[in-house]
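final.csv (CSV, N, CA and C atoms) appears below.
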chain,number,residue,atom,x,y,z
A,112,MET,N,-7.6,-33.9,-32.0
A,112,MET,CA,-7.1,-32.7,-31.3
A,112,MET,C,-8.1,-32.3,-30.2
A,113,ALA,N,-9.4,-32.5,-30.4
A,113,ALA,CA,-10.4,-32.2,-29.4
A,113,ALA,C,-10.1,-32.9,-28.1
A,114,TYR,N,-9.7,-34.2,-28.3
A,114,TYR,CA,-9.3,-35.0,-27.1
A,114,TYR,C,-8.2,-34.4,-26.3
A,115,LEU,N,-7.2,-34.0,-26.9
A,115,LEU,CA,-6.1,-33.4,-26.2
A,115,LEU,C,-6.4,-32.0,-25.5
A,116,SER,N,-7.3,-31.3,-26.2
A,116,SER,CA,-7.7,-30.0,-25.6
A,116,SER,C,-8.5,-30.2,-24.4
A,117,TYR,N,-9.5,-31.1,-24.5
A,117,TYR,CA,-10.3,-31.4,-23.3
A,117,TYR,C,-9.5,-32.1,-22.2
A,118,LEU,N,-8.6,-33.0,-22.5
A,118,LEU,CA,-7.8,-33.7,-21.5
A,118,LEU,C,-6.9,-32.7,-20.8
A,119,GLY,N,-6.2,-31.9,-21.6
A,119,GLY,CA,-5.2,-30.9,-21.1
A,119,GLY,C,-5.9,-29.9,-20.2
A,120,SER,N,-7.0,-29.4,-20.7
A,120,SER,CA,-7.8,-28.4,-20.0
A,120,SER,C,-8.3,-29.0,-18.7
A,121,SER,N,-8.8,-30.2,-18.7
A,121,SER,CA,-9.3,-30.8,-17.5
A,121,SER,C,-8.3,-31.0,-16.5
A,122,LEU,N,-7.1,-31.5,-16.9
A,122,LEU,CA,-6.0,-31.7,-15.9
A,122,LEU,C,-5.5,-30.3,-15.3
A,123,LEU,N,-5.5,-29.3,-16.2
A,123,LEU,CA,-5.1,-28.0,-15.7
A,123,LEU,C,-6.2,-27.4,-14.7
A,124,LEU,N,-7.4,-27.6,-15.1
A,124,LEU,CA,-8.5,-27.2,-14.2
A,124,LEU,C,-8.5,-27.9,-12.9
A,125,LEU,N,-8.3,-29.2,-13.0
A,125,LEU,CA,-8.2,-30.0,-11.7
A,125,LEU,C,-7.1,-29.6,-10.8
A,126,ALA,N,-5.9,-29.4,-11.4
A,126,ALA,CA,-4.8,-28.9,-10.6
A,126,ALA,C,-5.1,-27.5,-10.0
A,127,PHE,N,-5.7,-26.6,-10.8
A,127,PHE,CA,-6.1,-25.3,-10.3
A,127,PHE,C,-7.1,-25.4,-9.2
A,128,PHE,N,-8.1,-26.3,-9.3
A,128,PHE,CA,-9.1,-26.5,-8.3
A,128,PHE,C,-8.4,-26.9,-7.0
A,129,ILE,N,-7.5,-27.9,-7.1
A,129,ILE,CA,-6.9,-28.4,-5.8
A,129,ILE,C,-6.1,-27.2,-5.2
A,130,TRP,N,-5.4,-26.5,-6.0
A,130,TRP,CA,-4.6,-25.4,-5.4
A,130,TRP,C,-5.5,-24.3,-4.8
A,131,LEU,N,-6.6,-24.0,-5.5
A,131,LEU,CA,-7.6,-23.0,-5.0
A,131,LEU,C,-8.2,-23.5,-3.7
A,132,TYR,N,-8.6,-24.8,-3.7
A,132,TYR,CA,-9.2,-25.4,-2.5
A,132,TYR,C,-8.3,-25.3,-1.3
A,133,TRP,N,-7.0,-25.6,-1.5
A,133,TRP,CA,-6.0,-25.5,-0.4
A,133,TRP,C,-5.9,-24.1,0.1
A,134,ARG,N,-6.0,-23.1,-0.8
A,134,ARG,CA,-5.8,-21.7,-0.5
A,134,ARG,C,-7.1,-21.2,0.3
A,135,ILE,N,-8.3,-21.6,-0.1
A,135,ILE,CA,-9.5,-21.1,0.4
A,135,ILE,C,-9.9,-21.7,1.7
A,136,THR,N,-9.7,-23.0,1.9
A,136,THR,CA,-10.1,-23.7,3.1
A,136,THR,C,-9.2,-23.2,4.2
A,137,PRO,N,-9.8,-23.1,5.4
A,137,PRO,CA,-9.0,-22.6,6.6
A,137,PRO,C,-8.1,-23.6,7.2
A,138,LEU,N,-7.9,-24.7,6.6
A,138,LEU,CA,-6.9,-25.7,7.2
A,138,LEU,C,-5.9,-26.1,6.1
A,139,ASP,N,-4.8,-26.6,6.6
A,139,ASP,CA,-3.7,-27.0,5.7
A,139,ASP,C,-3.8,-28.5,5.5
A,140,GLU,N,-4.7,-28.9,4.5
A,140,GLU,CA,-4.9,-30.3,4.2
A,140,GLU,C,-3.6,-31.0,3.9
A,141,LEU,N,-2.7,-30.4,3.1
A,141,LEU,CA,-1.5,-31.1,2.8
A,141,LEU,C,-0.7,-31.5,4.0
A,142,ALA,N,-0.6,-30.6,5.0
A,142,ALA,CA,0.2,-30.9,6.2
A,142,ALA,C,-0.5,-32.0,7.0
A,143,LEU,N,-1.9,-31.9,7.1
A,143,LEU,CA,-2.6,-32.9,7.8
A,143,LEU,C,-2.5,-34.3,7.2
A,144,ILE,N,-2.6,-34.3,5.9
A,144,ILE,CA,-2.4,-35.6,5.1
A,144,ILE,C,-1.0,-36.1,5.3
A,145,HIS,N,0.0,-35.2,5.2
A,145,HIS,CA,1.4,-35.6,5.4
A,145,HIS,C,1.6,-36.3,6.7
A,146,HIS,N,0.8,-35.9,7.7
A,146,HIS,CA,1.0,-36.4,9.1
A,146,HIS,C,0.0,-37.5,9.4
A,147,GLY,N,-0.6,-38.1,8.4
A,147,GLY,CA,-1.6,-39.2,8.6
A,147,GLY,C,-3.0,-38.8,8.8
A,148,GLY,N,-3.4,-37.6,8.5
A,148,GLY,CA,-4.7,-37.1,8.7
A,148,GLY,C,-5.7,-37.7,7.7
A,149,GLN,N,-6.3,-38.8,8.1
A,149,GLN,CA,-7.2,-39.5,7.2
A,149,GLN,C,-8.5,-38.7,6.9
A,150,ALA,N,-8.9,-38.0,7.9
A,150,ALA,CA,-10.2,-37.2,7.8
A,150,ALA,C,-10.0,-36.2,6.7
A,151,ALA,N,-8.9,-35.5,6.8
A,151,ALA,CA,-8.6,-34.4,5.8
A,151,ALA,C,-8.5,-35.0,4.4
A,152,ALA,N,-7.8,-36.2,4.3
A,152,ALA,CA,-7.6,-36.9,3.0
A,152,ALA,C,-9.0,-37.3,2.4
A,153,ILE,N,-9.9,-37.8,3.2
A,153,ILE,CA,-11.2,-38.2,2.7
A,153,ILE,C,-12.0,-37.0,2.3
A,154,SER,N,-12.0,-36.0,3.1
A,154,SER,CA,-12.7,-34.8,2.7
A,154,SER,C,-12.2,-34.2,1.4
A,155,LEU,N,-10.9,-34.0,1.3
A,155,LEU,CA,-10.3,-33.5,0.1
A,155,LEU,C,-10.6,-34.4,-1.1
A,156,SER,N,-10.5,-35.7,-0.9
A,156,SER,CA,-10.7,-36.6,-2.0
A,156,SER,C,-12.1,-36.5,-2.5
A,157,GLY,N,-13.1,-36.3,-1.7
A,157,GLY,CA,-14.5,-36.1,-2.1
A,157,GLY,C,-14.7,-34.9,-2.9
A,158,ALA,N,-14.0,-33.8,-2.5
A,158,ALA,CA,-14.1,-32.5,-3.3
A,158,ALA,C,-13.4,-32.7,-4.6
A,159,VAL,N,-12.3,-33.4,-4.7
A,159,VAL,CA,-11.6,-33.5,-6.0
A,159,VAL,C,-12.4,-34.4,-6.9
A,160,LEU,N,-12.9,-35.5,-6.4
A,160,LEU,CA,-13.7,-36.4,-7.2
A,160,LEU,C,-15.0,-35.8,-7.6
A,161,GLY,N,-15.6,-35.0,-6.7
A,161,GLY,CA,-16.9,-34.3,-7.1
A,161,GLY,C,-16.6,-33.3,-8.2
A,162,PHE,N,-15.5,-32.6,-8.2
A,162,PHE,CA,-15.2,-31.7,-9.3
A,162,PHE,C,-14.8,-32.4,-10.5
A,163,ALA,N,-14.1,-33.6,-10.4
A,163,ALA,CA,-13.7,-34.4,-11.6
A,163,ALA,C,-15.0,-34.9,-12.3
A,164,LEU,N,-16.0,-35.3,-11.5
A,164,LEU,CA,-17.3,-35.7,-12.1
A,164,LEU,C,-17.9,-34.6,-13.0
A,165,THR,N,-17.8,-33.3,-12.5
A,165,THR,CA,-18.3,-32.2,-13.3
A,165,THR,C,-17.5,-32.0,-14.6
A,166,LEU,N,-16.2,-32.2,-14.4
A,166,LEU,CA,-15.3,-32.1,-15.6
A,166,LEU,C,-15.6,-33.1,-16.6
A,167,ALA,N,-15.8,-34.4,-16.2
A,167,ALA,CA,-16.1,-35.5,-17.1
A,167,ALA,C,-17.4,-35.3,-17.8
A,168,SER,N,-18.4,-34.9,-17.0
A,168,SER,CA,-19.8,-34.7,-17.6
A,168,SER,C,-19.7,-33.5,-18.6
A,169,SER,N,-19.0,-32.4,-18.3
A,169,SER,CA,-18.9,-31.3,-19.2
A,169,SER,C,-18.2,-31.7,-20.5
A,170,ALA,N,-17.2,-32.5,-20.4
A,170,ALA,CA,-16.5,-33.0,-21.6
A,170,ALA,C,-17.4,-33.9,-22.4
A,171,MET,N,-18.2,-34.7,-21.8
A,171,MET,CA,-19.1,-35.6,-22.5
A,171,MET,C,-20.2,-34.9,-23.2
A,172,HIS,N,-20.8,-33.9,-22.5
A,172,HIS,CA,-22.0,-33.3,-23.0
A,172,HIS,C,-21.9,-31.9,-23.7
A,173,LEU,N,-20.8,-31.3,-23.6
A,173,LEU,CA,-20.7,-30.0,-24.3
A,173,LEU,C,-19.7,-30.1,-25.5
A,174,ASN,N,-20.2,-29.6,-26.6
A,174,ASN,CA,-19.5,-29.8,-27.8
A,174,ASN,C,-18.6,-28.6,-28.1
A,175,ARG,N,-18.7,-27.5,-27.3
A,175,ARG,CA,-17.9,-26.3,-27.6
A,175,ARG,C,-17.0,-26.2,-26.4
A,176,TRP,N,-15.7,-26.0,-26.7
A,176,TRP,CA,-14.7,-25.8,-25.6
A,176,TRP,C,-15.0,-24.6,-24.7
A,177,PRO,N,-15.4,-23.5,-25.2
A,177,PRO,CA,-15.7,-22.4,-24.2
A,177,PRO,C,-16.9,-22.7,-23.3
A,178,ASP,N,-17.9,-23.5,-23.7
A,178,ASP,CA,-18.9,-23.9,-22.8
A,178,ASP,C,-18.4,-24.9,-21.8
A,179,PHE,N,-17.5,-25.8,-22.2
A,179,PHE,CA,-16.9,-26.7,-21.3
A,179,PHE,C,-16.1,-25.9,-20.2
A,180,ILE,N,-15.4,-24.9,-20.5
A,180,ILE,CA,-14.6,-24.1,-19.6
A,180,ILE,C,-15.6,-23.4,-18.6
A,181,MET,N,-16.6,-22.8,-19.2
A,181,MET,CA,-17.6,-22.1,-18.3
A,181,MET,C,-18.2,-23.0,-17.3
A,182,TRP,N,-18.7,-24.2,-17.7
A,182,TRP,CA,-19.3,-25.1,-16.8
A,182,TRP,C,-18.3,-25.7,-15.8
A,183,ALA,N,-17.1,-25.9,-16.2
A,183,ALA,CA,-16.1,-26.4,-15.3
A,183,ALA,C,-15.8,-25.4,-14.2
A,184,LEU,N,-15.8,-24.1,-14.6
A,184,LEU,CA,-15.5,-23.0,-13.6
A,184,LEU,C,-16.8,-22.9,-12.7
A,185,LEU,N,-17.9,-23.1,-13.2
A,185,LEU,CA,-19.1,-23.1,-12.3
A,185,LEU,C,-19.1,-24.3,-11.4
A,186,GLY,N,-18.7,-25.5,-11.8
A,186,GLY,CA,-18.6,-26.6,-11.0
A,186,GLY,C,-17.5,-26.4,-9.9
A,187,MET,N,-16.5,-25.7,-10.2
A,187,MET,CA,-15.4,-25.4,-9.2
A,187,MET,C,-16.0,-24.4,-8.1
A,188,LEU,N,-16.8,-23.5,-8.6
A,188,LEU,CA,-17.4,-22.5,-7.6
A,188,LEU,C,-18.4,-23.3,-6.7
A,189,VAL,N,-19.1,-24.2,-7.3
A,189,VAL,CA,-20.1,-25.0,-6.5
A,189,VAL,C,-19.3,-25.8,-5.4
A,190,GLN,N,-18.2,-26.4,-5.7
A,190,GLN,CA,-17.5,-27.2,-4.7
A,190,GLN,C,-16.9,-26.3,-3.6
A,191,VAL,N,-16.4,-25.1,-4.0
A,191,VAL,CA,-15.8,-24.2,-3.0
A,191,VAL,C,-16.9,-23.7,-2.1
A,192,LEU,N,-18.0,-23.3,-2.7
A,192,LEU,CA,-19.1,-22.8,-1.9
A,192,LEU,C,-19.7,-23.8,-1.0
A,193,LEU,N,-19.7,-25.1,-1.5
A,193,LEU,CA,-20.2,-26.2,-0.7
A,193,LEU,C,-19.3,-26.3,0.6
A,194,HIS,N,-18.0,-26.2,0.5
A,194,HIS,CA,-17.2,-26.3,1.6
A,194,HIS,C,-17.5,-25.2,2.6
A,195,TRP,N,-17.7,-24.0,2.1
A,195,TRP,CA,-18.0,-22.9,3.0
A,195,TRP,C,-19.3,-23.1,3.7
A,196,LEU,N,-20.3,-23.6,2.9
A,196,LEU,CA,-21.6,-23.9,3.5
A,196,LEU,C,-21.5,-25.0,4.6
A,197,MET,N,-20.8,-26.1,4.3
A,197,MET,CA,-20.6,-27.2,5.3
A,197,MET,C,-20.0,-26.7,6.5
A,198,SER,N,-19.0,-25.7,6.4
A,198,SER,CA,-18.3,-25.2,7.6
A,198,SER,C,-19.2,-24.4,8.4
A,199,ARG,N,-20.3,-23.9,7.8
A,199,ARG,CA,-21.3,-23.1,8.6
A,199,ARG,C,-22.3,-24.0,9.2
A,200,VAL,N,-22.7,-25.1,8.5
A,200,VAL,CA,-23.7,-26.0,9.0
A,200,VAL,C,-23.1,-27.0,10.0
A,201,LEU,N,-22.0,-27.5,9.7
A,201,LEU,CA,-21.3,-28.4,10.6
A,201,LEU,C,-20.3,-27.6,11.4
A,202,LYS,N,-20.7,-27.0,12.5
A,202,LYS,CA,-20.0,-26.0,13.2
A,202,LYS,C,-18.5,-26.3,13.5
A,203,ASN,N,-18.2,-27.6,13.8
A,203,ASN,CA,-16.8,-27.9,14.1
A,203,ASN,C,-16.1,-28.7,13.0
A,204,LEU,N,-16.5,-28.4,11.7
A,204,LEU,CA,-16.0,-29.2,10.6
A,204,LEU,C,-14.4,-29.0,10.6
A,205,VAL,N,-13.9,-27.8,10.6
A,205,VAL,CA,-12.5,-27.6,10.5
A,205,VAL,C,-11.7,-28.3,11.6
A,206,GLN,N,-12.2,-28.0,12.8
A,206,GLN,CA,-11.6,-28.6,14.0
A,206,GLN,C,-11.7,-30.1,14.0
A,207,SER,N,-12.8,-30.7,13.5
A,207,SER,CA,-12.9,-32.1,13.5
A,207,SER,C,-11.9,-32.7,12.5
A,208,LEU,N,-11.7,-32.1,11.3
A,208,LEU,CA,-10.8,-32.6,10.3
A,208,LEU,C,-9.4,-32.5,10.9
A,209,ILE,N,-9.1,-31.4,11.6
A,209,ILE,CA,-7.7,-31.2,12.2
A,209,ILE,C,-7.5,-32.3,13.2
A,210,ALA,N,-8.6,-32.6,14.0
A,210,ALA,CA,-8.4,-33.7,15.0
A,210,ALA,C,-8.5,-35.1,14.5
A,211,ASN,N,-8.6,-35.2,13.1
A,211,ASN,CA,-8.6,-36.5,12.4
A,211,ASN,C,-9.8,-37.3,12.8
A,212,ASN,N,-11.0,-36.6,12.9
A,212,ASN,CA,-12.3,-37.3,13.1
A,212,ASN,C,-12.7,-37.9,11.7
A,213,VAL,N,-12.4,-39.2,11.5
A,213,VAL,CA,-12.7,-39.8,10.2
A,213,VAL,C,-14.1,-39.8,9.9
A,214,ALA,N,-15.0,-39.9,10.9
A,214,ALA,CA,-16.5,-39.9,10.6
A,214,ALA,C,-16.8,-38.6,9.9
A,215,VAL,N,-16.3,-37.5,10.4
A,215,VAL,CA,-16.6,-36.2,9.8
A,215,VAL,C,-16.0,-36.1,8.4
A,216,GLY,N,-14.8,-36.6,8.2
A,216,GLY,CA,-14.1,-36.6,6.9
A,216,GLY,C,-14.9,-37.4,5.9
A,217,ILE,N,-15.5,-38.5,6.3
A,217,ILE,CA,-16.3,-39.3,5.4
A,217,ILE,C,-17.6,-38.6,5.1
A,218,LEU,N,-18.2,-37.9,6.0
A,218,LEU,CA,-19.4,-37.2,5.8
A,218,LEU,C,-19.1,-36.0,4.8
A,219,ALA,N,-18.1,-35.2,5.1
A,219,ALA,CA,-17.7,-34.1,4.2
A,219,ALA,C,-17.4,-34.6,2.8
A,220,GLY,N,-16.6,-35.7,2.7
A,220,GLY,CA,-16.2,-36.2,1.4
A,220,GLY,C,-17.4,-36.7,0.6
A,221,ALA,N,-18.3,-37.4,1.3
A,221,ALA,CA,-19.5,-37.9,0.7
A,221,ALA,C,-20.4,-36.8,0.2
A,222,ILE,N,-20.6,-35.7,1.0
A,222,ILE,CA,-21.4,-34.6,0.5
A,222,ILE,C,-20.8,-34.0,-0.7
A,223,HIS,N,-19.4,-33.8,-0.7
A,223,HIS,CA,-18.8,-33.2,-1.9
A,223,HIS,C,-19.0,-34.1,-3.1
A,224,LEU,N,-18.9,-35.4,-2.9
A,224,LEU,CA,-19.0,-36.3,-4.0
A,224,LEU,C,-20.5,-36.3,-4.5
A,225,ALA,N,-21.4,-36.3,-3.6
A,225,ALA,CA,-22.9,-36.3,-4.0
A,225,ALA,C,-23.2,-35.0,-4.7
A,226,VAL,N,-22.7,-33.9,-4.3
A,226,VAL,CA,-23.0,-32.6,-5.0
A,226,VAL,C,-22.3,-32.6,-6.3
A,227,GLY,N,-21.1,-33.1,-6.4
A,227,GLY,CA,-20.4,-33.2,-7.7
A,227,GLY,C,-21.2,-34.1,-8.7
A,228,LEU,N,-21.8,-35.2,-8.2
A,228,LEU,CA,-22.5,-36.1,-9.0
A,228,LEU,C,-23.8,-35.4,-9.5
A,229,ILE,N,-24.5,-34.7,-8.6
A,229,ILE,CA,-25.7,-33.9,-9.0
A,229,ILE,C,-25.3,-32.9,-10.0
A,230,ASN,N,-24.3,-32.2,-9.7
A,230,ASN,CA,-23.8,-31.1,-10.6
A,230,ASN,C,-23.5,-31.7,-12.0
A,231,ALA,N,-22.8,-32.8,-12.0
A,231,ALA,CA,-22.5,-33.5,-13.3
A,231,ALA,C,-23.7,-33.9,-14.0
A,232,GLY,N,-24.7,-34.5,-13.3
A,232,GLY,CA,-25.9,-34.9,-13.9
A,232,GLY,C,-26.8,-33.7,-14.4
A,233,SER,N,-26.6,-32.6,-13.8
A,233,SER,CA,-27.4,-31.4,-14.2
A,233,SER,C,-26.9,-30.9,-15.6
A,234,LEU,N,-25.7,-31.3,-16.0
A,234,LEU,CA,-25.2,-30.9,-17.3
A,234,LEU,C,-25.7,-31.7,-18.5
A,235,SER,N,-26.3,-32.8,-18.2
A,235,SER,CA,-26.7,-33.7,-19.3
A,235,SER,C,-28.0,-33.3,-19.9

In structure tokens, how does this file's structure come out?
Amino acid sequence: MAYLSYLGSSLLLLAFFIWLYWRITPLDELALIHHGGQAAAISLSGAVLGFALTLASSAMHLNRWPDFIMWALLGMLVQVLLHWLMSRVLKNLVQSLIANNVAVGILAGAIHLAVGLINAGSLS
């Protein structure tokens, strides 16, 4: 039963994260991806994978479901704040993703993934 509760919760949290990320970021990743925007797809993929790493680590290392949820929500906050911080440091991040600058998409995705990995490792 624990398996199903962690799996179900993880999938719901992942879906919620993607929805929240789409709402908070100042660009329409879905529209960009639909029209072949590789940069937006790479950036979003890094954020999703970074958050998924946090979910996986939380599920592996936390034996209580409420703790799992708390750390998952913290990991979600970290990924959203990271995008905000990157948009401040990389001045043209949003415009570059809209213009399909794949190099910027790779950088943003890699940073999201790296921070997700560090966040996941911090839970162990």

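Coordinates place atom N of Ala113 of chain A at a distance of 29.0 Å from atom CA of Gly157 of chain A.
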
- Message: Between A:Gln206, A:Ser156, A:Ser233, A:Ser116, which residue has the minimum interatomic distance to Ala219 of chain A, considering all atoms listed in the file?
- Response: A:Ser156

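We find atom CA of Asp178 of chain A and atom CA of Ala225 of chain A to be spaced 22.9 Å apart.
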
- Do a neighbour search on Ile229 of chain A at 8 Å with all atoms listed in the file, toss out local chain neighbours closer than 4 positions, and write the hits as a PyMOL selection string. chain A and resi 161+164-165+223-225+233-234

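Here atom C of Leu122 of chain A stands at a distance of 24.6 Å from atom CA of Gly216 of chain A.
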
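The shell of residues at most 5 Å from segment 144-152 of chain A, with only N, CA and C atoms counted and near chain neighbours (fewer than 4 positions) removed, consists of Glu140, Ser156, Leu208, Asn211, Asn212, Val213 and Gly216 of chain A.
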
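For the choices A:Ile135, A:Ile209, A:Ala170, A:Leu192, the atom-to-atom distance to Tyr117 of chain A is smallest for A:Ala170 when using all atoms listed in the file.
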
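Among the candidates A:Leu143, A:Ser154, A:Phe128, A:Ile217, the one nearest to Ala183 of chain A when counting only C-alpha atoms is A:Phe128.
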
- Query: Running DSSP on the backbone, which parts of chain A land in alpha helix (DSSP H), as a ChimeraX atom specification?
  - Reply: /A:113-135,140-145,149-172,176-200,204-209,213-233

- Message: Which residue is closest to Leu193 of chain A? Choose from A:Leu173, A:Ile222, A:Ile180, A:Ala231 and count only N, CA and C atoms.
- Response: A:Ile222

- Judged by only C-alpha atoms, the minimum distance to His194 of chain A among A:Ala167, A:Val226, A:Leu125, A:Ala210 is found for A:Val226

Could you pull the residues within 12 Å of Trp195 of chain A, counting only C-alpha atoms, minus those fewer than 2 positions along the same chain, as a PDB file with N, CA and C atoms, in the frame of the given file?
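This went into around.pdb:
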ATOM      1  N   TYR A 132      -8.600 -24.800  -3.700  1.00  0.00           N
ATOM      2  CA  TYR A 132      -9.200 -25.400  -2.500  1.00  0.00           C
ATOM      3  C   TYR A 132      -8.300 -25.300  -1.300  1.00  0.00           C
ATOM      4  N   ILE A 135      -8.300 -21.600  -0.100  1.00  0.00           N
ATOM      5  CA  ILE A 135      -9.500 -21.100   0.400  1.00  0.00           C
ATOM      6  C   ILE A 135      -9.900 -21.700   1.700  1.00  0.00           C
ATOM      7  N   THR A 136      -9.700 -23.000   1.900  1.00  0.00           N
ATOM      8  CA  THR A 136     -10.100 -23.700   3.100  1.00  0.00           C
ATOM      9  C   THR A 136      -9.200 -23.200   4.200  1.00  0.00           C
ATOM     10  N   PRO A 137      -9.800 -23.100   5.400  1.00  0.00           N
ATOM     11  CA  PRO A 137      -9.000 -22.600   6.600  1.00  0.00           C
ATOM     12  C   PRO A 137      -8.100 -23.600   7.200  1.00  0.00           C
ATOM     13  N   LEU A 188     -16.800 -23.500  -8.600  1.00  0.00           N
ATOM     14  CA  LEU A 188     -17.400 -22.500  -7.600  1.00  0.00           C
ATOM     15  C   LEU A 188     -18.400 -23.300  -6.700  1.00  0.00           C
ATOM     16  N   VAL A 189     -19.100 -24.200  -7.300  1.00  0.00           N
ATOM     17  CA  VAL A 189     -20.100 -25.000  -6.500  1.00  0.00           C
ATOM     18  C   VAL A 189     -19.300 -25.800  -5.400  1.00  0.00           C
ATOM     19  N   GLN A 190     -18.200 -26.400  -5.700  1.00  0.00           N
ATOM     20  CA  GLN A 190     -17.500 -27.200  -4.700  1.00  0.00           C
ATOM     21  C   GLN A 190     -16.900 -26.300  -3.600  1.00  0.00           C
ATOM     22  N   VAL A 191     -16.400 -25.100  -4.000  1.00  0.00           N
ATOM     23  CA  VAL A 191     -15.800 -24.200  -3.000  1.00  0.00           C
ATOM     24  C   VAL A 191     -16.900 -23.700  -2.100  1.00  0.00           C
ATOM     25  N   LEU A 192     -18.000 -23.300  -2.700  1.00  0.00           N
ATOM     26  CA  LEU A 192     -19.100 -22.800  -1.900  1.00  0.00           C
ATOM     27  C   LEU A 192     -19.700 -23.800  -1.000  1.00  0.00           C
ATOM     28  N   LEU A 193     -19.700 -25.100  -1.500  1.00  0.00           N
ATOM     29  CA  LEU A 193     -20.200 -26.200  -0.700  1.00  0.00           C
ATOM     30  C   LEU A 193     -19.300 -26.300   0.600  1.00  0.00           C
ATOM     31  N   MET A 197     -20.800 -26.100   4.300  1.00  0.00           N
ATOM     32  CA  MET A 197     -20.600 -27.200   5.300  1.00  0.00           C
ATOM     33  C   MET A 197     -20.000 -26.700   6.500  1.00  0.00           C
ATOM     34  N   SER A 198     -19.000 -25.700   6.400  1.00  0.00           N
ATOM     35  CA  SER A 198     -18.300 -25.200   7.600  1.00  0.00           C
ATOM     36  C   SER A 198     -19.200 -24.400   8.400  1.00  0.00           C
ATOM     37  N   ARG A 199     -20.300 -23.900   7.800  1.00  0.00           N
ATOM     38  CA  ARG A 199     -21.300 -23.100   8.600  1.00  0.00           C
ATOM     39  C   ARG A 199     -22.300 -24.000   9.200  1.00  0.00           C
ATOM     40  N   VAL A 200     -22.700 -25.100   8.500  1.00  0.00           N
ATOM     41  CA  VAL A 200     -23.700 -26.000   9.000  1.00  0.00           C
ATOM     42  C   VAL A 200     -23.100 -27.000  10.000  1.00  0.00           C
ATOM     43  N   LEU A 201     -22.000 -27.500   9.700  1.00  0.00           N
ATOM     44  CA  LEU A 201     -21.300 -28.400  10.600  1.00  0.00           C
ATOM     45  C   LEU A 201     -20.300 -27.600  11.400  1.00  0.00           C
ATOM     46  N   LYS A 202     -20.700 -27.000  12.500  1.00  0.00           N
ATOM     47  CA  LYS A 202     -20.000 -26.000  13.200  1.00  0.00           C
ATOM     48  C   LYS A 202     -18.500 -26.300  13.500  1.00  0.00           C
ATOM     49  N   LEU A 204     -16.500 -28.400  11.700  1.00  0.00           N
ATOM     50  CA  LEU A 204     -16.000 -29.200  10.600  1.00  0.00           C
ATOM     51  C   LEU A 204     -14.400 -29.000  10.600  1.00  0.00           C
ATOM     52  N   VAL A 205     -13.900 -27.800  10.600  1.00  0.00           N
ATOM     53  CA  VAL A 205     -12.500 -27.600  10.500  1.00  0.00           C
ATOM     54  C   VAL A 205     -11.700 -28.300  11.600  1.00  0.00           C
ATOM     55  N   ALA A 219     -18.100 -35.200   5.100  1.00  0.00           N
ATOM     56  CA  ALA A 219     -17.700 -34.100   4.200  1.00  0.00           C
ATOM     57  C   ALA A 219     -17.400 -34.600   2.800  1.00  0.00           C
ATOM     58  N   HIS A 223     -19.400 -33.800  -0.700  1.00  0.00           N
ATOM     59  CA  HIS A 223     -18.800 -33.200  -1.900  1.00  0.00           C
ATOM     60  C   HIS A 223     -19.000 -34.100  -3.100  1.00  0.00           C
TER      61      HIS A 223
END
